[in-house]
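Participant: Dropping the structure in here first, questions after.
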Amino acid sequence: MYSGARIPKGAEWRRPPRMDEITRRLTAFLADRTNYERSRPDRPRFSLDTMRALLQRLGTARPAPRVVQITGSKGKGTTAGYLELLGRSAGLRVGVYGSPHVRSVRERVRVDGADVTAAVLESAVHRVTALVDREPLEPAATFFEILTAAAVLIFAEARVDLAVMEVGLGGRLDATTAVVADASIMTGVELEHTAILGDTVEEIAAEKAFVLRPGGIGFLALREPALGVARAFAERVGCRTEVLGADFGCEPPDPATGDCEVWRGVRRARLRVGGMLAHERQALALAFACLDALAPDREPRGALARPRLPGRFEVRRTADGEPLFLDGAHTPDSCAIVARELLAHTGGRPAATLLAIARGKRWQDALSRLRPAVDSLLVTRLSDTLSVDPDELCREAARLGIPARAVADVGAGYAALCALPGPRLVTGSFYLVGEIEALLPAGPEP
């Protein structure tokens, strides 16, 4: 058993990420808990009862004076990163809870822009499980519920000013929905996880709309019909809503200065975010509007740089110096964005691509959206997650006119990718990106 140390406010608790002995021990401990992210059952047992009981035993369901919950089919992590960036530049201490992790489980809990140390996370996890062990819960706490409760505990003890909680799946029965929230963000709705969330955009939007809280405020980056579903739900529960493009937004960057004008109602601000990608203007707009609502007396300041976003269009280098693009895109819209960004970065050159996709995705549509940016395709399976059959993916690629072949595993796939002329792309799953990251030298390209 561990006596969790409080997180000091200084920078001395930050350390470079590494898979040290504590992280290995923690990862092994959590692996024994039910993990719906990787097992992908057709009918998982979801309920908020266990999470609510955990929070009750912790003695708090509020990790910070200001709490934001984020849901959406894509862009959750990017939006959380931009909210963290703006909040910190405005002088707030920010905690972010996100998923999935790419390199290490510690990525899921950040305070002041840095992953928590392995010791801090392990202490919080064991304190949560001690509460469970004293009086077992039914159903038993899952991997995600334990980590969510640990994040709440860490944020409360770190005394963060703003806690950002990213939904794992859906909204109605996601563990983060048991946490008190003052504001909510919906980044978009696509057909995804249909066996769990519903067969139509309307049904999925209805599941995700539960992040809109009575008496709170919701920021919506939705198109119809999802927008109508979310607005109707918000009206029923008494949640105010604001819509991207109508109530807040972000203008294209000024060609001369690179500044973007963000706005909410009559409020305006000019921000320059070095390295920001074109599609991330939505995340910047959502973050600015949400921060303006929760902390109207605070204003983002200083020179800003694109937040650290593991597995979200990271650019690395292979041993021969060719660019290696890493992105966990797995929905049709996110794959279309990856295709556009890659071609913009390579001057229109398509990439040799390593692909693996977890089961339950609209992979045919996703592959067709990637098609313009793919020169040739290597297809493999994920190591610990149920995957789409590589042979089936290869057949669909052939139908689309993409040269493709299956490879035995991720390691063989990366070796084969490096033997092809660049540029090179790894995509289809955050888990695939994580496995590739383990084969690369530590740290992103500057």
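Here, A, B, ... name the chains of the structure tokens in the order displayed, residue numbers run from 1 inside each chain, and ligands are numbered from 1 in the same displayed order.
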With only C-alpha atoms as the counted atoms, please give the residues lying no more than 6 Å from Ser387 of chain A, apart from itself and same-chain residues fewer than 5 positions off, as a list of chain:residue names.
Facilitator: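 Listing them by chain and then by number gives A:Ile357, A:Ala358, A:Arg359, A:Arg381.
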Participant: I need the chosen residues saved as a short mmCIF file (atom, residue, chain, number, x, y, z; two decimals), in the first residue's frame, with C-alpha atoms.
Facilitator:
```cif
data_model
loop_
_atom_site.label_atom_id
_atom_site.label_comp_id
_atom_site.auth_asym_id
_atom_site.auth_seq_id
_atom_site.Cartn_x
_atom_site.Cartn_y
_atom_site.Cartn_z
CA ILE A 357 -7.33 -0.58 -37.34
CA ALA A 358 -9.13 -1.76 -34.21
CA ARG A 359 -12.29 -3.74 -34.72
CA ARG A 381 -2.56 -6.38 -36.53
#
```
Participant: With distances taken over only C-alpha atoms, which of A:Ala339, A:Pro252, A:Leu284, A:Gln69 is nearest to Ala209 of chain A?
Facilitator: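 Using only C-alpha atoms, Ala209 of chain A sits closest to A:Gln69.
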Participant: Find the distance between atom CA of Leu425 of chain A and atom CA of Ala356 of chain A and write it in Å to one decimal.
Facilitator: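 That distance, rounded to one decimal, is 11.7 Å.
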Participant: So which bits of segment 149-239 of chain A end up strand (DSSP E) when you DSSP the backbone, as an NGL selection string?
Facilitator: :A and (162-166 or 183-186 or 217-220)
Participant: DSSP says alpha helix (DSSP H) for which residues of segment 72-309 of chain A? Put them as a VMD selection string?
Facilitator: chain A and resid 76 to 89 118 to 134 143 to 158 194 to 197 201 to 208 226 to 237 281 to 294
Participant: Taking only C-alpha atoms into account, name the residue in A:Met276, A:Val243, A:Ala205, A:Ala90 that is nearest to Pro307 of chain A.
Facilitator: A:Met276
Participant: Could you give me, as an MDAnalysis selection string, the residues within 12 Å of segment 404-415 of chain A, counting only C-alpha atoms and dropping anything in the same chain fewer than 5 positions from it?
Facilitator: chainID A and resid 318:319 324 352:356 367 371 374:384 387:399 420 424:427 431:440
Participant: Please produce a file of those selected residues containing N, CA and C atoms, as a compact mmCIF listing (two decimals), in the first residue's frame.
Facilitator:
```txt
# COMPACT_ATOMS: atom_id res chain seq x y z
N THR A 318 12.89 8.90 -39.58
CA THR A 318 13.45 7.56 -39.57
C THR A 318 14.97 7.67 -39.71
N ALA A 319 15.67 6.53 -39.63
CA ALA A 319 17.13 6.55 -39.60
C ALA A 319 17.74 7.19 -40.85
N LEU A 324 8.60 10.88 -40.87
CA LEU A 324 7.67 9.83 -40.45
C LEU A 324 6.51 10.53 -39.75
N ALA A 352 4.26 6.11 -48.26
CA ALA A 352 4.21 4.70 -47.91
C ALA A 352 3.58 4.63 -46.51
N THR A 353 2.61 3.75 -46.31
CA THR A 353 1.77 3.81 -45.11
C THR A 353 1.70 2.46 -44.41
N LEU A 354 1.89 2.48 -43.10
CA LEU A 354 1.66 1.32 -42.24
C LEU A 354 0.34 1.53 -41.53
N LEU A 355 -0.55 0.54 -41.61
CA LEU A 355 -1.92 0.69 -41.13
C LEU A 355 -2.34 -0.49 -40.29
N ALA A 356 -3.01 -0.23 -39.20
CA ALA A 356 -3.75 -1.24 -38.43
C ALA A 356 -4.96 -0.54 -37.84
N LEU A 367 -10.47 4.14 -44.92
CA LEU A 367 -9.44 3.84 -45.91
C LEU A 367 -9.65 4.64 -47.19
N ARG A 371 -7.05 7.46 -49.09
CA ARG A 371 -6.55 7.06 -50.39
C ARG A 371 -5.68 8.12 -51.08
N VAL A 374 -1.97 8.01 -49.88
CA VAL A 374 -1.29 6.72 -49.73
C VAL A 374 -0.68 6.28 -51.05
N ASP A 375 0.63 6.04 -51.02
CA ASP A 375 1.33 5.53 -52.20
C ASP A 375 1.29 4.01 -52.23
N SER A 376 1.57 3.38 -51.08
CA SER A 376 1.50 1.93 -50.93
C SER A 376 1.16 1.64 -49.48
N LEU A 377 0.66 0.43 -49.23
CA LEU A 377 0.09 0.14 -47.91
C LEU A 377 0.65 -1.16 -47.36
N LEU A 378 1.09 -1.09 -46.10
CA LEU A 378 1.46 -2.27 -45.33
C LEU A 378 0.43 -2.41 -44.21
N VAL A 379 -0.14 -3.59 -44.06
CA VAL A 379 -1.24 -3.77 -43.12
C VAL A 379 -0.86 -4.83 -42.09
N THR A 380 -1.12 -4.54 -40.82
CA THR A 380 -0.79 -5.49 -39.77
C THR A 380 -1.89 -5.52 -38.71
N ARG A 381 -1.64 -6.29 -37.67
CA ARG A 381 -2.56 -6.38 -36.53
C ARG A 381 -1.97 -5.63 -35.34
N LEU A 382 -2.84 -5.18 -34.45
CA LEU A 382 -2.41 -4.60 -33.19
C LEU A 382 -2.06 -5.73 -32.23
N SER A 383 -1.09 -5.50 -31.35
CA SER A 383 -0.59 -6.57 -30.50
C SER A 383 -1.60 -7.05 -29.46
N ASP A 384 -2.28 -6.12 -28.77
CA ASP A 384 -3.14 -6.50 -27.66
C ASP A 384 -4.57 -6.02 -27.81
N SER A 387 -8.35 -6.52 -33.89
CA SER A 387 -8.10 -5.70 -35.07
C SER A 387 -8.89 -6.21 -36.26
N VAL A 388 -9.07 -5.31 -37.23
CA VAL A 388 -9.62 -5.72 -38.52
C VAL A 388 -8.61 -6.65 -39.19
N ASP A 389 -9.09 -7.72 -39.81
CA ASP A 389 -8.21 -8.70 -40.44
C ASP A 389 -7.39 -8.05 -41.55
N PRO A 390 -6.05 -8.18 -41.51
CA PRO A 390 -5.21 -7.53 -42.53
C PRO A 390 -5.55 -7.96 -43.96
N ASP A 391 -5.88 -9.23 -44.15
CA ASP A 391 -6.21 -9.69 -45.50
C ASP A 391 -7.47 -8.99 -46.03
N GLU A 392 -8.43 -8.77 -45.12
CA GLU A 392 -9.65 -8.07 -45.52
C GLU A 392 -9.34 -6.62 -45.89
N LEU A 393 -8.47 -5.99 -45.11
CA LEU A 393 -8.06 -4.62 -45.42
C LEU A 393 -7.32 -4.57 -46.76
N CYS A 394 -6.49 -5.56 -47.03
CA CYS A 394 -5.75 -5.58 -48.30
C CYS A 394 -6.69 -5.73 -49.48
N ARG A 395 -7.72 -6.53 -49.32
CA ARG A 395 -8.69 -6.69 -50.42
C ARG A 395 -9.41 -5.38 -50.71
N GLU A 396 -9.76 -4.65 -49.66
CA GLU A 396 -10.42 -3.36 -49.86
C GLU A 396 -9.46 -2.36 -50.49
N ALA A 397 -8.20 -2.40 -50.06
CA ALA A 397 -7.20 -1.50 -50.65
C ALA A 397 -7.05 -1.78 -52.14
N ALA A 398 -7.03 -3.06 -52.52
CA ALA A 398 -6.92 -3.41 -53.94
C ALA A 398 -8.10 -2.87 -54.72
N ARG A 399 -9.29 -2.93 -54.11
CA ARG A 399 -10.48 -2.41 -54.78
C ARG A 399 -10.35 -0.91 -55.01
N LEU A 420 10.96 1.25 -47.70
CA LEU A 420 10.31 1.92 -48.82
C LEU A 420 10.73 3.38 -48.87
N ARG A 424 6.76 8.73 -45.09
CA ARG A 424 6.15 7.55 -44.49
C ARG A 424 5.10 7.97 -43.47
N LEU A 425 4.04 7.18 -43.41
CA LEU A 425 2.89 7.47 -42.53
C LEU A 425 2.53 6.23 -41.74
N VAL A 426 2.26 6.41 -40.46
CA VAL A 426 1.71 5.36 -39.59
C VAL A 426 0.38 5.87 -39.07
N THR A 427 -0.70 5.12 -39.30
CA THR A 427 -2.02 5.62 -38.91
C THR A 427 -3.01 4.48 -38.73
N TYR A 431 -3.10 2.87 -30.75
CA TYR A 431 -2.32 1.75 -30.25
C TYR A 431 -1.18 1.41 -31.21
N LEU A 432 -1.43 1.48 -32.51
CA LEU A 432 -0.37 1.27 -33.49
C LEU A 432 0.71 2.35 -33.33
N VAL A 433 0.30 3.59 -33.21
CA VAL A 433 1.27 4.68 -33.02
C VAL A 433 2.10 4.43 -31.77
N GLY A 434 1.45 3.98 -30.71
CA GLY A 434 2.18 3.68 -29.47
C GLY A 434 3.22 2.59 -29.65
N GLU A 435 2.87 1.55 -30.40
CA GLU A 435 3.83 0.48 -30.63
C GLU A 435 5.00 0.95 -31.48
N ILE A 436 4.73 1.82 -32.45
CA ILE A 436 5.81 2.37 -33.28
C ILE A 436 6.68 3.30 -32.45
N GLU A 437 6.06 4.11 -31.58
CA GLU A 437 6.83 5.03 -30.74
C GLU A 437 7.86 4.26 -29.91
N ALA A 438 7.50 3.04 -29.48
CA ALA A 438 8.43 2.24 -28.68
C ALA A 438 9.66 1.82 -29.46
N LEU A 439 9.57 1.86 -30.79
CA LEU A 439 10.70 1.48 -31.63
C LEU A 439 11.57 2.67 -32.02
N LEU A 440 11.13 3.87 -31.69
CA LEU A 440 11.84 5.09 -32.09
C LEU A 440 12.69 5.64 -30.95
```
Participant: For Arg301 of chain A, please output as a list in words all residues within 9 Å (counting only C-alpha atoms; exclusion window: fewer than 5 positions along the same chain).
Facilitator: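 So, after excluding close chain neighbours, the residues are Leu86, Ser89, Ala90, Gly91 and Leu271 of chain A.
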Participant: Those same residues - N, CA and C atoms - I'd like them written as an mmCIF file, in the first residue's frame.
Facilitator:
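The file below, part.cif, is the result:
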```
data_model
loop_
_atom_site.group_PDB
_atom_site.id
_atom_site.type_symbol
_atom_site.label_atom_id
_atom_site.label_comp_id
_atom_site.auth_asym_id
_atom_site.auth_seq_id
_atom_site.Cartn_x
_atom_site.Cartn_y
_atom_site.Cartn_z
ATOM 1 N N LEU A 86 -4.236 27.442 -23.468
ATOM 2 C CA LEU A 86 -4.768 28.782 -23.202
ATOM 3 C C LEU A 86 -4.935 29.024 -21.715
ATOM 4 N N SER A 89 -1.577 29.781 -20.205
ATOM 5 C CA SER A 89 -1.069 31.097 -20.609
ATOM 6 C C SER A 89 -1.828 32.213 -19.916
ATOM 7 N N ALA A 90 -3.046 31.913 -19.445
ATOM 8 C CA ALA A 90 -3.839 32.901 -18.707
ATOM 9 C C ALA A 90 -3.573 32.850 -17.208
ATOM 10 N N GLY A 91 -2.605 32.031 -16.783
ATOM 11 C CA GLY A 91 -2.213 32.002 -15.382
ATOM 12 C C GLY A 91 -2.928 30.977 -14.532
ATOM 13 N N LEU A 271 -4.398 35.703 -31.357
ATOM 14 C CA LEU A 271 -3.472 34.720 -30.807
ATOM 15 C C LEU A 271 -2.584 34.181 -31.920
#
```
